[in-house]
>>> print(open('query_7.tsv').read())   # TSV, C-alpha atoms
chain	number	residue	atom	x	y	z
A	44	GLU	CA	97.14	91.14	103.87
A	45	LYS	CA	98.57	92.36	100.58
A	46	PRO	CA	100.14	95.82	100.90
A	47	GLU	CA	98.23	98.67	99.38
A	48	ALA	CA	99.69	100.74	96.58
A	49	ALA	CA	100.26	104.44	97.22
A	50	ALA	CA	98.62	105.25	93.89
A	51	GLN	CA	95.51	104.35	91.96
A	52	ALA	CA	95.49	102.58	88.59
A	53	ASP	CA	95.84	105.87	86.73
A	54	GLY	CA	98.92	106.80	88.73
A	55	THR	CA	97.26	109.43	90.92
A	56	ALA	CA	97.86	109.35	94.67
A	57	LYS	CA	95.29	107.63	96.84
A	58	PRO	CA	93.38	110.25	98.86
A	59	HIS	CA	94.02	108.71	102.29
A	60	VAL	CA	97.81	108.92	101.82
A	61	GLY	CA	97.75	112.65	101.14
A	62	LEU	CA	95.26	113.24	103.96
A	63	LEU	CA	97.51	111.48	106.47
A	64	GLU	CA	100.51	113.51	105.35
A	65	ARG	CA	98.61	116.81	105.56
A	66	THR	CA	97.18	115.96	108.98
A	67	LEU	CA	100.55	115.03	110.45
A	68	ARG	CA	102.20	118.06	108.88
A	69	SER	CA	99.65	120.35	110.53
A	70	ARG	CA	100.58	118.90	113.93
A	71	ARG	CA	104.36	119.14	113.60
A	72	SER	CA	105.00	122.85	114.17
A	73	LYS	CA	106.44	122.08	117.59
A	74	GLY	CA	107.38	118.48	116.94
A	75	VAL	CA	110.04	116.67	114.92
A	76	LYS	CA	109.79	115.02	111.50
A	77	MET	CA	112.18	112.27	110.39
A	78	LEU	CA	112.56	110.88	106.87
A	79	SER	CA	114.29	107.60	105.93
A	80	TRP	CA	115.30	106.45	102.44
A	81	ASN	CA	117.17	103.52	100.91
A	82	ILE	CA	118.79	105.25	97.93
A	83	LYS	CA	120.19	102.33	95.87
A	84	SER	CA	123.73	103.66	95.42
A	85	MET	CA	125.99	101.06	97.06
A	86	ASN	CA	126.47	98.40	94.36
A	87	VAL	CA	129.01	98.44	91.55
A	88	ILE	CA	126.40	96.98	89.18
A	89	ASP	CA	123.75	99.63	89.81
A	90	TYR	CA	124.99	102.23	87.30
A	91	LYS	CA	127.59	102.75	84.61
A	92	ASP	CA	130.77	104.18	86.05
A	93	ALA	CA	130.93	106.97	83.47
A	94	GLU	CA	127.57	108.23	84.76
A	95	PHE	CA	128.22	107.78	88.46
A	96	ALA	CA	129.40	111.27	89.35
A	97	GLN	CA	126.37	112.85	87.68
A	98	ILE	CA	123.98	110.36	89.29
A	99	VAL	CA	125.31	111.11	92.78
A	100	GLN	CA	124.76	114.83	92.28
A	101	GLU	CA	121.26	114.39	90.82
A	102	LYS	CA	120.18	111.98	93.55
A	103	ALA	CA	121.44	114.20	96.34
A	104	ALA	CA	119.60	117.20	94.87
A	105	ASN	CA	116.38	115.20	94.54
A	106	TYR	CA	116.57	113.88	98.10
A	107	ALA	CA	117.28	117.35	99.46
A	108	SER	CA	114.30	118.72	97.57
A	109	ALA	CA	111.97	115.96	98.77
A	110	ALA	CA	113.12	116.23	102.39
A	111	THR	CA	112.85	120.00	102.65
A	112	GLU	CA	109.51	120.13	100.84
A	113	ALA	CA	108.21	117.52	103.30
A	114	GLY	CA	109.38	119.67	106.22
A	115	ALA	CA	111.86	117.08	107.52
A	116	ASP	CA	114.18	117.91	110.41
A	117	LEU	CA	116.19	114.70	110.10
A	118	LEU	CA	117.03	112.54	107.08
A	119	LEU	CA	118.51	109.05	107.35
A	120	VAL	CA	119.94	107.27	104.31
A	121	GLN	CA	120.84	103.64	103.62
A	122	GLU	CA	122.80	102.26	100.63
A	123	ALA	CA	124.88	105.41	100.16
A	124	PRO	CA	128.21	105.05	98.31
A	125	GLY	CA	130.67	103.23	100.56
A	126	PRO	CA	133.16	100.37	100.91
A	127	GLN	CA	131.91	98.24	98.02
A	128	LEU	CA	132.44	101.06	95.53
A	129	LEU	CA	135.70	102.06	97.18
A	130	HIS	CA	137.15	98.57	96.77
A	131	HIS	CA	135.54	97.31	93.57
A	132	GLY	CA	134.03	100.27	91.71
A	133	GLY	CA	135.30	102.05	88.63
A	134	ALA	CA	137.31	105.25	88.82
A	135	ALA	CA	134.31	107.59	89.13
A	136	ALA	CA	132.57	105.43	91.73
A	137	ARG	CA	135.76	105.16	93.80
A	138	ARG	CA	136.27	108.92	93.72
A	139	SER	CA	132.70	109.51	94.86
A	140	ALA	CA	133.15	107.15	97.80
A	141	GLU	CA	136.60	108.51	98.71
A	142	CYS	CA	135.55	112.15	98.63
A	143	HIS	CA	132.12	111.62	100.21
A	144	ALA	CA	130.68	113.33	97.15
A	145	PHE	CA	127.12	112.26	97.97
A	146	GLU	CA	127.26	113.62	101.52
A	147	GLU	CA	128.73	116.94	100.33
A	148	ALA	CA	126.07	117.31	97.64
A	149	LEU	CA	123.32	116.39	100.11
A	150	GLN	CA	124.54	118.96	102.64
A	151	ARG	CA	124.73	121.62	99.95
A	152	GLY	CA	121.23	120.82	98.71
A	153	MET	CA	119.66	120.70	102.17
A	154	SER	CA	121.34	123.95	103.19
A	155	GLU	CA	120.36	125.81	100.02
A	156	ARG	CA	116.75	124.69	100.20
A	157	GLY	CA	116.40	124.88	103.98
A	158	GLY	CA	117.70	128.42	104.30
A	159	ARG	CA	120.44	127.53	106.80
A	160	ARG	CA	123.37	125.15	106.97
A	161	TRP	CA	122.36	121.56	107.68
A	162	GLU	CA	124.73	119.11	109.32
A	163	VAL	CA	125.56	115.85	107.55
A	164	ALA	CA	127.57	112.93	108.89
A	165	SER	CA	128.24	109.51	107.41
A	166	VAL	CA	129.09	106.09	108.80
A	167	THR	CA	131.02	103.42	106.89
A	168	VAL	CA	129.23	100.08	107.12
A	169	PRO	CA	131.61	97.30	106.02
A	170	ARG	CA	130.41	93.82	105.07
A	171	TRP	CA	132.88	91.16	104.01
A	172	ASP	CA	131.47	88.40	101.81
A	173	GLU	CA	133.64	85.44	102.74
A	174	GLU	CA	132.27	83.17	100.02
A	175	ARG	CA	133.05	85.61	97.20
A	176	LYS	CA	135.98	87.31	98.93
A	177	LEU	CA	134.45	90.71	98.26
A	178	GLU	CA	133.76	93.81	100.31
A	179	MET	CA	130.00	94.42	99.98
A	180	GLY	CA	129.53	97.29	102.43
A	181	GLU	CA	127.70	100.59	102.08
A	182	GLY	CA	127.47	104.04	103.58
A	183	HIS	CA	124.84	105.39	105.97
A	184	ALA	CA	124.15	109.11	106.17
A	185	PHE	CA	122.53	111.32	108.79
A	186	ALA	CA	121.43	114.85	107.90
A	187	TRP	CA	119.79	117.14	110.46
A	188	ASN	CA	118.67	120.69	111.06
A	189	PRO	CA	120.82	122.02	113.95
A	190	ASP	CA	118.11	124.51	114.88
A	191	VAL	CA	115.94	121.57	115.86
A	192	LEU	CA	118.31	118.77	116.88
A	193	ALA	CA	121.60	118.76	118.77
A	194	PRO	CA	123.71	115.57	118.56
A	195	VAL	CA	124.64	114.14	121.96
A	196	GLU	CA	125.98	110.82	120.62
A	197	PRO	CA	127.76	111.08	117.24
A	198	PRO	CA	126.83	108.67	114.44
A	199	ALA	CA	128.56	105.31	114.89
A	200	LEU	CA	128.13	101.61	114.20
A	201	LEU	CA	125.86	99.75	116.62
A	202	GLU	CA	127.61	96.87	118.36
A	203	PRO	CA	125.89	93.52	118.96
A	204	ALA	CA	124.63	92.77	122.45
A	205	GLU	CA	127.33	91.52	124.80
A	206	ALA	CA	126.06	87.94	124.83
A	207	ASP	CA	125.85	87.84	121.04
A	208	ALA	CA	129.36	89.24	120.68
A	209	ALA	CA	130.70	86.63	123.12
A	210	ALA	CA	128.99	83.87	121.13
A	211	GLY	CA	130.32	85.17	117.82
A	212	VAL	CA	126.87	86.28	116.62
A	213	GLY	CA	126.98	89.45	114.55
A	214	PHE	CA	124.94	91.46	112.10
A	215	HIS	CA	124.72	90.62	108.43
A	216	ARG	CA	125.24	94.35	107.93
A	217	SER	CA	125.80	96.55	110.97
A	218	PRO	CA	123.21	99.22	111.79
A	219	SER	CA	124.38	102.72	112.65
A	220	TRP	CA	122.96	105.01	115.31
A	221	CYS	CA	123.01	108.52	116.69
A	222	GLY	CA	121.60	110.32	119.73
A	223	PHE	CA	119.97	113.77	119.60
A	224	GLU	CA	118.42	116.25	122.00
A	225	VAL	CA	115.40	118.18	120.73
A	226	LYS	CA	116.00	121.94	120.75
A	227	ARG	CA	112.65	123.03	119.31
A	228	SER	CA	110.26	124.47	121.89
A	229	GLY	CA	107.15	122.46	122.69
A	230	ASP	CA	106.24	119.09	124.19
A	231	TRP	CA	109.38	117.45	122.82
A	232	SER	CA	111.85	120.14	123.91
A	233	GLY	CA	114.80	118.58	125.74
A	234	SER	CA	113.77	115.04	124.80
A	235	ARG	CA	116.42	112.48	123.94
A	236	LEU	CA	115.94	110.79	120.55
A	237	VAL	CA	118.01	107.72	119.77
A	238	VAL	CA	117.85	106.89	116.06
A	239	VAL	CA	119.04	103.54	114.65
A	240	ASN	CA	119.66	103.37	110.90
A	241	VAL	CA	118.97	99.85	109.58
A	242	HIS	CA	119.56	97.79	106.43
A	243	CYS	CA	118.88	94.15	107.29
A	244	LYS	CA	119.70	91.11	105.22
A	245	SER	CA	117.71	90.75	102.01
A	246	GLY	CA	116.29	87.53	100.56
A	247	GLY	CA	118.52	84.87	99.05
A	248	GLY	CA	120.18	81.89	100.64
A	249	ASP	CA	117.83	80.90	103.43
A	250	GLY	CA	115.94	84.13	102.77
A	251	PRO	CA	113.42	85.20	105.41
A	252	ARG	CA	114.80	82.89	108.10
A	253	GLU	CA	118.19	84.58	107.94
A	254	THR	CA	116.51	87.98	107.80
A	255	VAL	CA	114.46	87.16	110.91
A	256	ASP	CA	117.66	86.10	112.69
A	257	ASP	CA	119.27	89.39	111.67
A	258	VAL	CA	116.29	91.35	113.03
A	259	LYS	CA	116.50	89.41	116.31
A	260	THR	CA	120.20	90.29	116.59
A	261	LEU	CA	119.22	93.91	115.98
A	262	ALA	CA	116.52	93.72	118.65
A	263	ARG	CA	118.92	92.44	121.31
A	264	ALA	CA	121.44	95.17	120.44
A	265	VAL	CA	118.75	97.86	120.61
A	266	ALA	CA	117.51	96.55	123.96
A	267	ALA	CA	121.05	96.94	125.32
A	268	LEU	CA	121.36	100.41	123.79
A	269	LYS	CA	117.99	101.51	125.20
A	270	ALA	CA	118.96	100.36	128.69
A	271	LYS	CA	121.84	102.86	128.65
A	272	GLN	CA	119.65	105.84	127.77
A	273	PRO	CA	118.12	108.31	130.22
A	274	ASP	CA	114.57	107.74	131.41
A	275	GLY	CA	112.06	108.95	128.84
A	276	ALA	CA	114.37	108.61	125.83
A	277	VAL	CA	112.58	107.65	122.61
A	278	VAL	CA	114.25	105.03	120.41
A	279	LEU	CA	113.45	105.00	116.69
A	280	LEU	CA	114.51	102.14	114.41
A	281	THR	CA	114.25	103.12	110.78
A	282	GLY	CA	115.35	101.85	107.39
A	283	ASP	CA	115.08	98.80	105.18
A	284	PHE	CA	114.23	95.70	107.25
A	285	ASN	CA	113.60	93.43	104.24
A	286	LEU	CA	110.72	92.00	106.25
A	287	GLU	CA	107.04	92.85	106.67
A	288	PRO	CA	105.99	94.77	109.83
A	289	PRO	CA	104.17	91.87	111.58
A	290	ARG	CA	107.26	89.67	111.23
A	291	VAL	CA	109.56	92.48	112.38
A	292	LEU	CA	107.47	93.05	115.51
A	293	ALA	CA	107.26	89.29	116.15
A	294	ALA	CA	111.06	89.04	115.90
A	295	PHE	CA	111.42	91.96	118.31
A	296	ALA	CA	109.14	90.28	120.85
A	297	SER	CA	110.88	86.92	120.43
A	298	ALA	CA	114.25	88.55	121.11
A	299	GLY	CA	112.99	90.39	124.21
A	300	LEU	CA	112.59	93.89	122.75
A	301	ASP	CA	109.25	94.84	124.27
A	302	GLY	CA	107.03	97.86	123.93
A	303	PHE	CA	107.91	98.77	120.32
A	304	GLY	CA	105.29	99.65	117.74
A	305	SER	CA	105.22	100.64	114.08
A	306	ALA	CA	104.82	104.29	113.07
A	307	LEU	CA	103.41	103.10	109.71
A	308	ASP	CA	100.11	101.32	109.18
A	309	GLY	CA	101.78	98.64	107.02
A	310	ARG	CA	99.22	98.94	104.21
A	311	THR	CA	101.13	101.05	101.70
A	312	ALA	CA	103.90	99.48	99.61
A	313	THR	CA	107.34	101.03	100.05
A	314	ASN	CA	108.92	99.72	96.83
A	315	LEU	CA	108.36	101.17	93.36
A	316	TRP	CA	106.38	98.12	92.24
A	317	ARG	CA	104.66	99.92	89.36
A	318	PHE	CA	107.98	100.00	87.49
A	319	ASN	CA	108.76	96.33	88.12
A	320	VAL	CA	108.45	93.87	85.24
A	321	GLU	CA	106.62	91.48	87.55
A	322	GLN	CA	103.61	93.60	88.54
A	323	GLY	CA	101.67	93.36	91.77
A	324	HIS	CA	104.68	92.64	93.97
A	325	GLY	CA	104.34	95.61	96.28
A	326	HIS	CA	105.84	95.03	99.70
A	327	VAL	CA	106.37	96.89	102.97
A	328	TYR	CA	110.00	96.31	103.91
A	329	ASP	CA	110.95	99.88	104.81
A	330	GLY	CA	109.66	100.93	108.19
A	331	ILE	CA	109.96	102.99	111.36
A	332	TYR	CA	109.54	101.34	114.75
A	333	HIS	CA	109.48	103.27	118.03
A	334	SER	CA	109.62	102.67	121.77
A	335	GLY	CA	106.63	104.93	122.44
A	336	ALA	CA	106.44	108.30	124.17
A	337	LYS	CA	105.26	109.47	127.56
A	338	THR	CA	103.90	112.66	126.01
A	339	GLY	CA	102.88	113.47	122.48
A	340	ARG	CA	102.24	111.09	119.62
A	341	ILE	CA	104.30	109.27	116.99
A	342	GLY	CA	102.80	108.55	113.58
A	343	GLY	CA	104.04	108.25	110.04
A	344	GLY	CA	103.59	106.96	106.54
A	345	VAL	CA	105.07	106.52	103.08
A	346	LEU	CA	106.00	109.83	101.46
A	347	GLU	CA	104.54	110.62	98.05
A	348	ILE	CA	107.11	111.76	95.45
A	349	GLU	CA	105.28	113.70	92.77
A	350	ALA	CA	108.01	113.28	90.14
A	351	ILE	CA	107.75	109.49	90.44
A	352	ASP	CA	103.96	109.59	90.12
A	353	VAL	CA	104.33	111.81	87.03
A	354	ALA	CA	106.88	109.39	85.54
A	355	TYR	CA	104.44	106.50	85.91
A	356	ARG	CA	101.56	108.39	84.30
A	357	GLU	CA	103.78	109.46	81.41
A	358	MET	CA	105.00	105.89	80.92
A	359	VAL	CA	101.40	104.71	80.55
A	360	GLU	CA	100.65	107.58	78.16
A	361	VAL	CA	103.68	106.79	76.01
A	362	ALA	CA	102.64	103.12	75.85
A	363	ALA	CA	99.14	104.13	74.70
A	364	ARG	CA	100.50	106.40	71.95
A	365	LEU	CA	102.86	103.68	70.73
A	366	ALA	CA	100.00	101.19	70.60
A	367	GLU	CA	97.87	103.61	68.62
A	368	SER	CA	100.59	104.42	66.10
A	369	GLY	CA	101.30	100.73	65.57
A	370	GLY	CA	103.61	100.95	62.58
A	371	ARG	CA	102.84	100.08	58.98
A	372	GLY	CA	105.86	97.90	58.39
A	373	GLU	CA	107.19	94.83	60.18
A	374	VAL	CA	110.34	96.66	61.29
A	375	ALA	CA	108.38	99.49	62.92
A	376	ARG	CA	105.93	97.08	64.56
A	377	ARG	CA	108.73	95.11	66.15
A	378	VAL	CA	110.60	98.20	67.29
A	379	LEU	CA	107.48	99.61	68.91
A	380	ALA	CA	106.19	96.37	70.42
A	381	GLY	CA	109.43	94.55	71.23
A	382	THR	CA	109.98	90.83	70.77
A	383	GLY	CA	109.85	87.81	73.04
A	384	ALA	CA	109.77	88.63	76.77
A	385	GLU	CA	110.35	92.32	75.99
A	386	ALA	CA	106.95	92.45	74.27
A	387	LYS	CA	105.03	91.22	77.33
A	388	VAL	CA	102.41	93.79	78.31
A	389	GLY	CA	101.45	94.49	81.92
A	390	ASP	CA	98.01	95.11	83.40
A	391	ASP	CA	98.52	98.80	82.64
A	392	SER	CA	99.22	98.04	78.93
A	393	VAL	CA	102.91	98.99	79.21
A	394	PRO	CA	105.29	96.68	77.30
A	395	THR	CA	108.22	95.27	79.25
A	396	TRP	CA	110.91	97.02	77.18
A	397	LEU	CA	109.37	100.43	77.87
A	398	ARG	CA	108.84	99.71	81.57
A	399	LYS	CA	112.52	98.78	81.90
A	400	ARG	CA	113.58	102.09	80.35
A	401	PHE	CA	111.47	104.10	82.76
A	402	GLN	CA	112.51	101.92	85.68
A	403	ALA	CA	116.20	102.48	84.99
A	404	GLU	CA	115.78	106.26	84.87
A	405	VAL	CA	113.67	106.39	88.04
A	406	HIS	CA	116.34	104.33	89.80
A	407	ARG	CA	119.03	106.68	88.47
A	408	GLN	CA	117.31	109.82	89.74
A	409	TYR	CA	115.66	108.44	92.88
A	410	SER	CA	115.74	104.78	93.98
A	411	ASP	CA	113.77	101.53	93.90
A	412	HIS	CA	112.36	102.49	97.32
A	413	LEU	CA	110.02	105.22	98.48
A	414	PRO	CA	110.95	107.21	101.59
A	415	VAL	CA	109.14	106.60	104.85
A	416	TYR	CA	108.63	109.19	107.56
A	417	CYS	CA	107.44	109.69	111.11
A	418	VAL	CA	106.26	112.77	112.99
A	419	LEU	CA	106.74	113.27	116.73
A	420	SER	CA	103.85	115.62	117.49
>>> encode(input="query_7.tsv", output="structure tokens")
Amino acid sequence: EKPEAAAQADGTAKPHVGLLERTLRSRRSKGVKMLSWNIKSMNVIDYKDAEFAQIVQEKAANYASAATEAGADLLLVQEAPGPQLLHHGGAAARRSAECHAFEEALQRGMSERGGRRWEVASVTVPRWDEERKLEMGEGHAFAWNPDVLAPVEPPALLEPAEADAAAGVGFHRSPSWCGFEVKRSGDWSGSRLVVVNVHCKSGGGDGPRETVDDVKTLARAVAALKAKQPDGAVVLLTGDFNLEPPRVLAAFASAGLDGFGSALDGRTATNLWRFNVEQGHGHVYDGIYHSGAKTGRIGGGVLEIEAIDVAYREMVEVAARLAESGGRGEVARRVLAGTGAEAKVGDDSVPTWLRKRFQAEVHRQYSDHLPVYCVLS
């Protein structure tokens, strides 16, 4: 089934998405809310080096604002600045990675908006590309409200299962993980939460087959990790799986990781497809999978970001005004319409050149992903 967009044709949010968010929020006063976001800040080609320091600050502020407004108690981040930038980035990108500028800005933003000091920790996730002889790793970040969660296992890389390690089978890109105890009073008080932060292999090469293999390796590692936890511990796998939920769950089952379900319904796209040149390619690669709970409920969804919805509506409005103005001379007509592939108009009447401009700025300030969340209520 084709994933459903989080917005209608005019850019406004679909009613059921907001209703789900409001319903879950009303139930979370004594529960825990987790947010996960792939932030598109790991690659040297993502942004100009001269702009990198500013982009890191702006992104961190925007994520802090979104997380606190959503009432999150825990924020997990993939594709933060890390080894790739440290080894191959320009001067500004290297400094940001060396000084953990993103993590510092995120902690500052979360603390200022949350009214108390949040804790932030990062994990370096290396990935050596043997073919290109390049370090292609990233950073993972964990940010939490210490009034609600107390770490009992510090953030670290997840190791492959013993049999996989002995056979030389590893991750394409290692997950990270952390263990918490819930401090907030209520049904979840004293519960152990084990959170695994995931960024699986993307398409390319053998594409989905290699991604499925990576998810199976993850599943075996998580099964081993879960076996070491106290009875009743809840395991949450969250992040960018680069695979649709039915295939993720099938890979889990095939690898022997039983009893896990998705906190998301799998109908709402998690990528910012409306800003893509090739329209209609919404997919559900970001997800949250859980081991279930003896008490309480676990549910979630894709978080609406109002600024991104506004950007889309304004892009459509700008395209309409440009089409109306036209231009009386050939020069003006070509400037306003573009030429060749840049002049191609999408189903929403936005020309490709304009869509690319908006896409680049949305990526600069936010990401090419939407955040996903779950509520333990």
>>> closest_residue(input="query_7.tsv", among="A:Asp172, A:Glu101, A:Glu162, A:Glu112", to="Glu349 (chain A)", atoms="only C-alpha atoms")
A:Glu112
>>> atom_distance(input="query_7.tsv", atom1="CA of Arg317 (chain A)", atom2="CA of Val255 (chain A)")
26.9 Å
>>> closest_atom_pairs(input="query_7.tsv", of="region 276-305 of chain A", to="region 213-223 of chain A", cutoff="10 Å", atoms="all atoms listed in the file", output="Markdown table")
| residue | atom | partner | partner_atom | distance |
| --- | --- | --- | --- | --- |
| A:Ala276 | CA | A:Gly222 | CA | 9.6 |
| A:Val277 | CA | A:Gly222 | CA | 9.8 |
| A:Val278 | CA | A:Gly222 | CA | 9.1 |
| A:Leu279 | CA | A:Trp220 | CA | 9.6 |
| A:Leu280 | CA | A:Trp220 | CA | 9.0 |
| A:Thr281 | CA | A:Pro218 | CA | 9.8 |
| A:Gly282 | CA | A:Pro218 | CA | 9.4 |
>>> closest_residue(input="query_7.tsv", among="A:Ala208, A:Val393, A:Ile331, A:Leu346", to="Ser305 (chain A)", atoms="all atoms listed in the file")
A:Ile331
>>> closest_residue(input="query_7.tsv", among="A:Glu196, A:Glu181, A:Asp116, A:Glu146", to="Cys417 (chain A)", atoms="only C-alpha atoms")
A:Asp116
>>> closest_residue(input="query_7.tsv", among="A:Asp391, A:Thr111, A:Gly133, A:Ser139", to="Gly158 (chain A)", atoms="all atoms listed in the file")
A:Thr111
>>> atom_distance(input="query_7.tsv", atom1="CA of Tyr328 (chain A)", atom2="CA of Phe284 (chain A)")
5.4 Å
>>> closest_residue(input="query_7.tsv", among="A:Val320, A:Ala336, A:Ala204, A:Leu119", to="Lys387 (chain A)", atoms="all atoms listed in the file")
A:Val320
>>> closest_residue(input="query_7.tsv", among="A:Glu202, A:Glu253, A:Val241, A:Trp316", to="Leu268 (chain A)", atoms="all atoms listed in the file")
A:Glu202
>>> atom_distance(input="query_7.tsv", atom1="CA of Asp92 (chain A)", atom2="CA of Tyr106 (chain A)")
21.0 Å
>>> residues_around(input="query_7.tsv", residues="Val212 (chain A)", least_positions_apart="5", cutoff="8 Å", atoms="all atoms listed in the file", output="PyMOL selection string")
chain A and resi 203+207+260
>>> write_last_selection(input="query_7.tsv", atoms="C-alpha atoms", output="CSV table (one decimal), in the coordinates of the input")
chain,number,residue,atom,x,y,z
A,203,PRO,CA,125.9,93.5,119.0
A,207,ASP,CA,125.8,87.8,121.0
A,260,THR,CA,120.2,90.3,116.6
>>> residues_around(input="query_7.tsv", residues="Val75 (chain A)", least_positions_apart="2", cutoff="9 Å", atoms="only C-alpha atoms", output="PyMOL selection string")
chain A and resi 71-73+77+115-117+191-192+225+227+231+417-420
>>> axis_aligned_box(input="query_7.tsv", around="region 394-403 of chain A", padding_each_side="5 Å", output="JSON")
{"center_x": 110.7, "center_y": 99.7, "center_z": 81.4, "size_x": 20.9, "size_y": 18.8, "size_z": 18.5}
>>> residues_around(input="query_7.tsv", residues="Gly157 (chain A)", least_positions_apart="3", cutoff="10 Å", atoms="all atoms listed in the file", output="list in words")
Ala107, Ser108, Ala110, Thr111, Glu112, Gly114, Ala115, Asp116, Arg151, Gly152, Met153, Ser154, Arg160, Trp161 and Asn188 of chain A
>>> residues_around(input="query_7.tsv", residues="Glu404 (chain A)", least_positions_apart="5", cutoff="12 Å", atoms="all atoms listed in the file", output="ChimeraX atom specification")
/A:89-90,94,98,101-102,318,350-351,354-355,358,397-399,409-411
>>> decode(input="query_7.tsv", residues="region 208-220 of chain A", atoms="N, CA, C and O atoms", output="CSV table (one decimal), in the first residue's frame")
chain,number,residue,atom,x,y,z
A,208,ALA,N,29.6,-11.9,15.1
A,208,ALA,CA,31.0,-11.4,15.3
A,208,ALA,C,32.0,-12.5,15.0
A,208,ALA,O,33.0,-12.3,14.3
A,209,ALA,N,31.7,-13.7,15.4
A,209,ALA,CA,32.7,-14.8,15.2
A,209,ALA,C,32.7,-15.2,13.7
A,209,ALA,O,33.8,-15.6,13.2
A,210,ALA,N,31.6,-14.9,13.0
A,210,ALA,CA,31.6,-15.2,11.5
A,210,ALA,C,32.1,-14.0,10.7
A,210,ALA,O,32.1,-14.1,9.5
A,211,GLY,N,32.4,-12.9,11.3
A,211,GLY,CA,32.9,-11.8,10.6
A,211,GLY,C,31.7,-11.0,10.0
A,211,GLY,O,31.9,-10.2,9.1
A,212,VAL,N,30.5,-11.2,10.5
A,212,VAL,CA,29.3,-10.4,10.0
A,212,VAL,C,29.1,-9.2,10.9
A,212,VAL,O,29.0,-9.3,12.1
A,213,GLY,N,29.1,-8.0,10.3
A,213,GLY,CA,29.0,-6.8,11.1
A,213,GLY,C,27.9,-5.9,10.5
A,213,GLY,O,27.2,-6.3,9.5
A,214,PHE,N,27.7,-4.8,11.1
A,214,PHE,CA,26.7,-3.8,10.6
A,214,PHE,C,27.3,-3.0,9.5
A,214,PHE,O,28.5,-2.7,9.4
A,215,HIS,N,26.4,-2.6,8.6
A,215,HIS,CA,26.9,-1.6,7.6
A,215,HIS,C,27.3,-0.3,8.3
A,215,HIS,O,28.2,0.4,8.0
A,216,ARG,N,26.5,0.1,9.3
A,216,ARG,CA,26.7,1.3,10.1
A,216,ARG,C,26.2,0.9,11.5
A,216,ARG,O,25.0,0.6,11.7
A,217,SER,N,27.0,0.9,12.5
A,217,SER,CA,26.6,0.4,13.8
A,217,SER,C,25.5,1.2,14.4
A,217,SER,O,25.5,2.4,14.4
A,218,PRO,N,24.5,0.5,15.1
A,218,PRO,CA,23.5,1.3,15.9
A,218,PRO,C,24.2,1.7,17.2
A,218,PRO,O,25.3,1.2,17.6
A,219,SER,N,23.6,2.6,17.9
A,219,SER,CA,24.0,2.9,19.2
A,219,SER,C,22.8,2.6,20.2
A,219,SER,O,21.7,2.5,19.7
A,220,TRP,N,23.1,2.6,21.5
A,220,TRP,CA,22.0,2.3,22.4
A,220,TRP,C,22.2,2.9,23.8
A,220,TRP,O,23.4,3.3,24.1
